[in-house]
$ cat data_34.cif   # mmCIF, C-alpha atoms, pLDDT in the B column; chains and numbers go by the auth columns
data_start
loop_
_atom_site.group_PDB
_atom_site.id
_atom_site.type_symbol
_atom_site.label_atom_id
_atom_site.label_comp_id
_atom_site.label_asym_id
_atom_site.label_seq_id
_atom_site.Cartn_x
_atom_site.Cartn_y
_atom_site.Cartn_z
_atom_site.B_iso_or_equiv
_atom_site.auth_seq_id
_atom_site.auth_asym_id
ATOM 1 C CA MET A 1 0.000 0.000 0.000 87.00 289 A
ATOM 2 C CA LEU A 2 1.331 3.410 -0.991 85.00 290 A
ATOM 3 C CA THR A 3 -0.058 6.561 0.560 84.00 291 A
ATOM 4 C CA THR A 4 0.770 10.244 0.682 82.00 292 A
ATOM 5 C CA LEU A 5 1.351 11.416 4.231 82.00 293 A
ATOM 6 C CA HIS A 6 -0.266 14.805 4.768 78.00 294 A
ATOM 7 C CA THR A 7 2.142 16.201 7.316 73.00 295 A
ATOM 8 C CA ALA A 8 5.358 18.123 7.518 62.00 296 A
ATOM 9 C CA TYR A 9 8.447 15.975 7.022 55.00 297 A
ATOM 10 C CA SER A 10 9.512 15.939 10.674 54.00 298 A
ATOM 11 C CA ASP A 11 12.420 13.516 11.208 52.00 299 A
ATOM 12 C CA THR A 12 14.607 15.231 8.675 68.00 300 A
ATOM 13 C CA ARG A 13 18.039 13.823 9.505 77.00 301 A
ATOM 14 C CA ALA A 14 19.105 10.206 9.467 83.00 302 A
ATOM 15 C CA ALA A 15 21.387 10.895 12.438 83.00 303 A
ATOM 16 C CA ASP A 16 18.361 11.879 14.577 84.00 304 A
ATOM 17 C CA LEU A 17 16.763 8.445 14.433 89.00 305 A
ATOM 18 C CA ALA A 18 16.702 6.408 17.631 89.00 306 A
ATOM 19 C CA TRP A 19 15.656 2.820 18.341 91.00 307 A
ATOM 20 C CA ALA A 20 13.468 1.462 21.145 90.00 308 A
ATOM 21 C CA LEU A 21 11.796 -1.779 22.146 92.00 309 A
ATOM 22 C CA GLY A 22 8.598 -1.968 24.150 90.00 310 A
ATOM 23 C CA ARG A 23 7.140 1.497 23.556 90.00 311 A
ATOM 24 C CA GLU A 24 3.401 2.006 23.633 92.00 312 A
ATOM 25 C CA PRO A 25 1.730 2.699 20.268 93.00 313 A
ATOM 26 C CA LEU A 26 2.507 6.209 19.071 91.00 314 A
ATOM 27 C CA PRO A 27 0.174 8.342 16.905 90.00 315 A
ATOM 28 C CA ALA A 28 0.415 7.000 13.357 93.00 316 A
ATOM 29 C CA LEU A 29 -0.105 8.691 9.990 92.00 317 A
ATOM 30 C CA ALA A 30 -0.750 5.372 8.216 94.00 318 A
ATOM 31 C CA VAL A 31 -1.339 1.828 9.476 96.00 319 A
ATOM 32 C CA LEU A 32 -1.426 -1.611 7.865 96.00 320 A
ATOM 33 C CA ASP A 33 -2.870 -4.510 9.888 96.00 321 A
ATOM 34 C CA LEU A 34 -1.596 -7.972 8.925 96.00 322 A
ATOM 35 C CA GLU A 35 -2.296 -11.582 9.879 94.00 323 A
ATOM 36 C CA LEU A 36 0.767 -13.737 9.224 90.00 324 A
ATOM 37 C CA ALA A 37 0.127 -17.402 10.080 85.00 325 A
ATOM 38 C CA GLY A 38 -0.881 -16.895 13.697 84.00 326 A
ATOM 39 C CA ALA A 39 0.894 -13.580 14.205 88.00 327 A
ATOM 40 C CA THR A 40 -0.975 -10.287 14.318 93.00 328 A
ATOM 41 C CA MET A 41 1.161 -7.441 13.116 96.00 329 A
ATOM 42 C CA GLN A 42 0.636 -3.736 12.687 97.00 330 A
ATOM 43 C CA LEU A 43 2.965 -1.678 10.500 97.00 331 A
ATOM 44 C CA ARG A 44 2.782 1.999 11.499 96.00 332 A
ATOM 45 C CA LEU A 45 4.238 5.059 9.763 94.00 333 A
ATOM 46 C CA LEU A 46 5.089 7.899 12.159 88.00 334 A
ATOM 47 C CA GLY A 47 6.291 10.880 10.193 75.00 335 A
ATOM 48 C CA ALA A 48 9.599 9.755 8.701 70.00 336 A
ATOM 49 C CA SER A 49 9.711 6.967 11.263 88.00 337 A
ATOM 50 C CA HIS A 50 8.183 3.582 11.900 93.00 338 A
ATOM 51 C CA GLN A 51 6.714 1.402 14.595 95.00 339 A
ATOM 52 C CA VAL A 52 5.928 -2.300 14.377 97.00 340 A
ATOM 53 C CA LEU A 53 3.569 -3.992 16.820 96.00 341 A
ATOM 54 C CA LEU A 54 3.686 -7.796 16.813 94.00 342 A
ATOM 55 C CA GLU A 55 1.509 -10.191 18.821 91.00 343 A
ATOM 56 C CA GLU A 56 1.502 -13.970 18.941 85.00 344 A
ATOM 57 C CA GLU A 57 0.305 -16.484 21.492 82.00 345 A
ATOM 58 C CA ARG A 58 3.822 -16.517 22.965 77.00 346 A
ATOM 59 C CA GLY A 59 3.959 -12.781 23.567 80.00 347 A
ATOM 60 C CA SER A 60 4.236 -9.357 22.009 87.00 348 A
ATOM 61 C CA CYS A 61 6.940 -7.055 20.686 90.00 349 A
ATOM 62 C CA SER A 62 6.985 -3.354 19.845 94.00 350 A
ATOM 63 C CA GLU A 63 9.824 -1.835 17.797 95.00 351 A
ATOM 64 C CA THR A 64 10.104 1.896 17.219 93.00 352 A
ATOM 65 C CA VAL A 65 12.626 3.720 15.038 93.00 353 A
ATOM 66 C CA ALA A 66 11.963 7.437 15.278 89.00 354 A
ATOM 67 C CA CYS A 67 13.169 10.766 16.566 82.00 355 A
ATOM 68 C CA MET A 68 12.146 10.352 20.189 71.00 356 A
ATOM 69 C CA PRO A 69 12.564 13.306 22.544 70.00 357 A
ATOM 70 C CA GLY A 70 14.510 12.277 25.605 66.00 358 A
ATOM 71 C CA SER A 71 15.758 9.057 24.029 65.00 359 A
ATOM 72 C CA SER A 72 19.330 8.180 24.804 60.00 360 A
ATOM 73 C CA THR A 73 19.468 5.155 22.486 65.00 361 A
ATOM 74 C CA PRO A 74 20.728 6.163 19.033 73.00 362 A
ATOM 75 C CA LEU A 75 20.095 3.905 16.081 87.00 363 A
ATOM 76 C CA PRO A 76 22.345 0.876 16.666 90.00 364 A
ATOM 77 C CA LEU A 77 24.071 -1.076 13.922 91.00 365 A
ATOM 78 C CA GLY A 78 22.813 -4.285 15.487 93.00 366 A
ATOM 79 C CA VAL A 79 20.885 -5.655 18.461 94.00 367 A
ATOM 80 C CA ALA A 80 20.211 -9.221 19.606 94.00 368 A
ATOM 81 C CA LYS A 81 17.884 -9.692 22.583 93.00 369 A
ATOM 82 C CA ARG A 82 15.697 -12.299 24.204 89.00 370 A
ATOM 83 C CA ILE A 83 12.101 -11.213 24.669 82.00 371 A
ATOM 84 C CA GLY A 84 10.311 -13.948 26.614 79.00 372 A
ATOM 85 C CA ASP A 85 10.327 -17.018 24.359 80.00 373 A
ATOM 86 C CA TRP A 86 11.568 -15.005 21.384 84.00 374 A
ATOM 87 C CA GLU A 87 14.909 -14.113 19.896 91.00 375 A
ATOM 88 C CA TYR A 88 14.889 -10.573 18.509 93.00 376 A
ATOM 89 C CA GLU A 89 17.508 -9.383 16.014 95.00 377 A
ATOM 90 C CA PHE A 90 17.737 -5.882 14.576 96.00 378 A
ATOM 91 C CA ALA A 91 20.252 -4.430 12.133 96.00 379 A
ATOM 92 C CA ALA A 92 20.544 -0.969 10.584 96.00 380 A
ATOM 93 C CA ARG A 93 22.778 0.707 8.072 95.00 381 A
ATOM 94 C CA VAL A 94 22.905 4.068 6.333 94.00 382 A
ATOM 95 C CA GLU A 95 23.450 4.199 2.569 94.00 383 A
ATOM 96 C CA THR A 96 24.743 7.469 1.120 95.00 384 A
ATOM 97 C CA LEU A 97 23.921 7.875 -2.568 94.00 385 A
ATOM 98 C CA GLY A 98 24.398 10.508 -5.252 93.00 386 A
ATOM 99 C CA ALA A 99 21.299 12.371 -6.485 86.00 387 A
ATOM 100 C CA GLY A 100 20.721 10.176 -9.558 88.00 388 A
ATOM 101 C CA SER A 101 21.345 6.944 -7.695 94.00 389 A
ATOM 102 C CA PHE A 102 19.121 8.081 -4.832 94.00 390 A
ATOM 103 C CA ALA A 103 16.198 8.843 -7.157 93.00 391 A
ATOM 104 C CA GLY A 104 16.524 5.467 -8.872 94.00 392 A
ATOM 105 C CA ARG A 105 16.750 3.569 -5.581 95.00 393 A
ATOM 106 C CA ALA A 106 13.738 5.474 -4.212 94.00 394 A
ATOM 107 C CA GLN A 107 11.612 4.574 -7.249 93.00 395 A
ATOM 108 C CA GLU A 108 12.727 0.933 -7.051 94.00 396 A
ATOM 109 C CA LEU A 109 11.846 0.617 -3.351 95.00 397 A
ATOM 110 C CA LEU A 110 8.493 2.374 -3.664 95.00 398 A
ATOM 111 C CA ALA A 111 7.555 0.093 -6.573 94.00 399 A
ATOM 112 C CA LEU A 112 8.564 -2.979 -4.539 94.00 400 A
ATOM 113 C CA VAL A 113 6.475 -2.022 -1.511 95.00 401 A
ATOM 114 C CA ALA A 114 3.477 -0.268 -3.131 92.00 402 A
ATOM 115 C CA ASP A 115 1.829 -3.389 -4.569 89.00 403 A
ATOM 116 C CA HIS A 116 3.033 -5.917 -2.004 95.00 404 A
ATOM 117 C CA PRO A 117 0.223 -7.293 0.216 95.00 405 A
ATOM 118 C CA HIS A 118 2.473 -6.950 3.293 96.00 406 A
ATOM 119 C CA GLY A 119 3.970 -3.577 2.374 96.00 407 A
ATOM 120 C CA LEU A 120 3.273 -0.042 3.525 96.00 408 A
ATOM 121 C CA ALA A 121 4.933 3.092 2.153 95.00 409 A
ATOM 122 C CA GLY A 122 4.255 6.758 2.682 92.00 410 A
ATOM 123 C CA THR A 123 5.613 9.659 0.667 90.00 411 A
ATOM 124 C CA PHE A 124 5.877 13.205 1.979 85.00 412 A
ATOM 125 C CA PRO A 125 4.829 16.455 0.306 82.00 413 A
ATOM 126 C CA GLY A 126 7.668 18.392 -1.264 79.00 414 A
ATOM 127 C CA SER A 127 9.816 15.551 -2.622 81.00 415 A
ATOM 128 C CA PRO A 128 8.796 12.387 -4.454 79.00 416 A
ATOM 129 C CA HIS A 129 11.850 10.726 -2.921 89.00 417 A
ATOM 130 C CA ALA A 130 11.052 11.550 0.720 89.00 418 A
ATOM 131 C CA PHE A 131 9.416 8.394 2.037 92.00 419 A
ATOM 132 C CA THR A 132 9.268 5.697 4.661 93.00 420 A
ATOM 133 C CA ALA A 133 8.539 2.139 3.542 95.00 421 A
ATOM 134 C CA MET A 134 8.016 -1.163 5.359 97.00 422 A
ATOM 135 C CA LEU A 135 7.707 -4.757 4.198 96.00 423 A
ATOM 136 C CA ALA A 136 6.851 -7.780 6.386 96.00 424 A
ATOM 137 C CA GLN A 137 6.916 -11.543 5.917 94.00 425 A
ATOM 138 C CA ARG A 138 6.674 -14.766 7.871 91.00 426 A
ATOM 139 C CA ALA A 139 8.956 -17.644 6.959 86.00 427 A
ATOM 140 C CA GLU A 140 10.312 -20.694 8.771 83.00 428 A
ATOM 141 C CA GLY A 141 8.495 -19.808 12.006 82.00 429 A
ATOM 142 C CA GLN A 142 9.966 -16.306 12.094 89.00 430 A
ATOM 143 C CA VAL A 143 8.460 -12.898 11.458 93.00 431 A
ATOM 144 C CA ARG A 144 10.721 -10.528 9.566 95.00 432 A
ATOM 145 C CA TRP A 145 10.431 -6.961 8.426 96.00 433 A
ATOM 146 C CA ARG A 146 12.523 -4.461 6.556 97.00 434 A
ATOM 147 C CA THR A 147 12.215 -0.696 6.530 96.00 435 A
ATOM 148 C CA TRP A 148 13.602 2.154 4.484 95.00 436 A
ATOM 149 C CA HIS A 149 13.704 5.778 5.650 93.00 437 A
ATOM 150 C CA ALA A 150 14.652 8.193 2.864 92.00 438 A
ATOM 151 C CA TYR A 151 16.394 11.519 3.426 91.00 439 A
ATOM 152 C CA PRO A 152 16.799 12.978 -0.091 91.00 440 A
ATOM 153 C CA GLN A 153 18.200 16.296 1.172 88.00 441 A
ATOM 154 C CA GLU A 154 21.161 14.338 2.624 90.00 442 A
ATOM 155 C CA GLY A 155 21.232 11.625 -0.043 93.00 443 A
ATOM 156 C CA GLN A 156 20.848 9.070 2.755 93.00 444 A
ATOM 157 C CA LEU A 157 18.712 5.978 3.049 94.00 445 A
ATOM 158 C CA VAL A 158 18.415 4.302 6.447 94.00 446 A
ATOM 159 C CA VAL A 159 17.776 0.590 5.968 96.00 447 A
ATOM 160 C CA THR A 160 16.704 -1.692 8.820 96.00 448 A
ATOM 161 C CA ARG A 161 15.905 -5.360 9.066 97.00 449 A
ATOM 162 C CA THR A 162 14.399 -7.224 11.981 96.00 450 A
ATOM 163 C CA ARG A 163 13.834 -10.884 12.751 95.00 451 A
ATOM 164 C CA VAL A 164 11.725 -12.232 15.606 93.00 452 A
ATOM 165 C CA GLY A 165 11.464 -15.980 16.185 87.00 453 A
ATOM 166 C CA VAL A 166 10.931 -18.566 18.867 73.00 454 A
ATOM 167 C CA ARG A 167 14.027 -19.239 20.901 64.00 455 A
ATOM 168 C CA MET A 168 15.265 -22.735 20.246 59.00 456 A
ATOM 169 C CA PRO A 169 16.309 -24.821 23.261 54.00 457 A
ATOM 170 C CA ALA A 170 20.013 -25.627 23.409 52.00 458 A
ATOM 171 C CA ALA A 171 20.862 -29.025 21.943 50.00 459 A
ATOM 172 C CA LEU A 172 22.280 -31.535 24.399 49.00 460 A
#
$ encode --input "data_34.cif" --output "structure tokens"
Amino acid sequence: MLTTLHTAYSDTRAADLAWALGREPLPALAVLDLELAGATMQLRLLGASHQVLLEEERGSCSETVACMPGSSTPLPLGVAKRIGDWEYEFAARVETLGAGSFAGRAQELLALVADHPHGLAGTFPGSPHAFTAMLAQRAEGQVRWRTWHAYPQEGQLVVTRTRVGVRMPAAL
């Protein structure tokens, strides 16, 4: 699903993004509710940020990547945590691209997500390449999602990927 977000582009620098687990739902500009083989998932666009809410019979998980006032946790390159019966893995990277490459990559990503049944993307007024996009899937007992946060004024694309799955008992 592709939508235009009718708001000012608020999180305007990749370096301002922070990461958090366990936050309550924040006000969203666009939402996509998904059912993925026993998992209920909500993809949420928050300005130039995202929040994912995941619930299964084994528990729940909330991931937020946004400019969060008072947050002291900058966007990490990687995180691995246990959340109840789950293993949670998060990774982020920043791609810096030239203007032509950025425009092409933006069009490619928006096309990928726009028609995907588990995809949500929002573009911002003022630049066709200012967007946040999310794509979710369930495979091999794990729920995975990827996000892209575009900052055309900086030529930067923040890319994240997350995996949540049941913790496997140690083999004896």
$ atom_distance --input "data_34.cif" --atom1 "CA of Arg449 (chain A)" --atom2 "CA of Pro315 (chain A)"
22.3 Å
$ atom_distance --input "data_34.cif" --atom1 "CA of Asp373 (chain A)" --atom2 "CA of Leu342 (chain A)"
13.6 Å
$ closest_residue --input "data_34.cif" --among "A:Ser337, A:Thr384, A:Gln430, A:Ser415" --to "Leu363 (chain A)" --atoms "only C-alpha atoms"
A:Ser337
$ closest_residue --input "data_34.cif" --among "A:Ala368, A:Ala418, A:Leu397, A:Ala308" --to "Gln441 (chain A)" --atoms "all atoms listed in the file"
A:Ala418
$ closest_residue --input "data_34.cif" --among "A:Leu423, A:Arg434, A:Gly326, A:Leu309" --to "Lys369 (chain A)" --atoms "only C-alpha atoms"
A:Leu309
$ resolve_selection --input "data_34.cif" --expression "the PyMOL selection byres ((chain A and resi 318) around 9)" --output "short mmCIF file (atom, residue, chain, number, x, y, z; two decimals) with C-alpha atoms, in the frame of the given file"
data_model
loop_
_atom_site.label_atom_id
_atom_site.label_comp_id
_atom_site.auth_asym_id
_atom_site.auth_seq_id
_atom_site.Cartn_x
_atom_site.Cartn_y
_atom_site.Cartn_z
CA THR A 291 -0.06 6.56 0.56
CA LEU A 293 1.35 11.42 4.23
CA ALA A 316 0.42 7.00 13.36
CA LEU A 317 -0.10 8.69 9.99
CA VAL A 319 -1.34 1.83 9.48
CA LEU A 320 -1.43 -1.61 7.86
CA LEU A 331 2.96 -1.68 10.50
CA ARG A 332 2.78 2.00 11.50
CA LEU A 333 4.24 5.06 9.76
CA LEU A 334 5.09 7.90 12.16
CA LEU A 408 3.27 -0.04 3.52
CA ALA A 409 4.93 3.09 2.15
CA GLY A 410 4.26 6.76 2.68
#
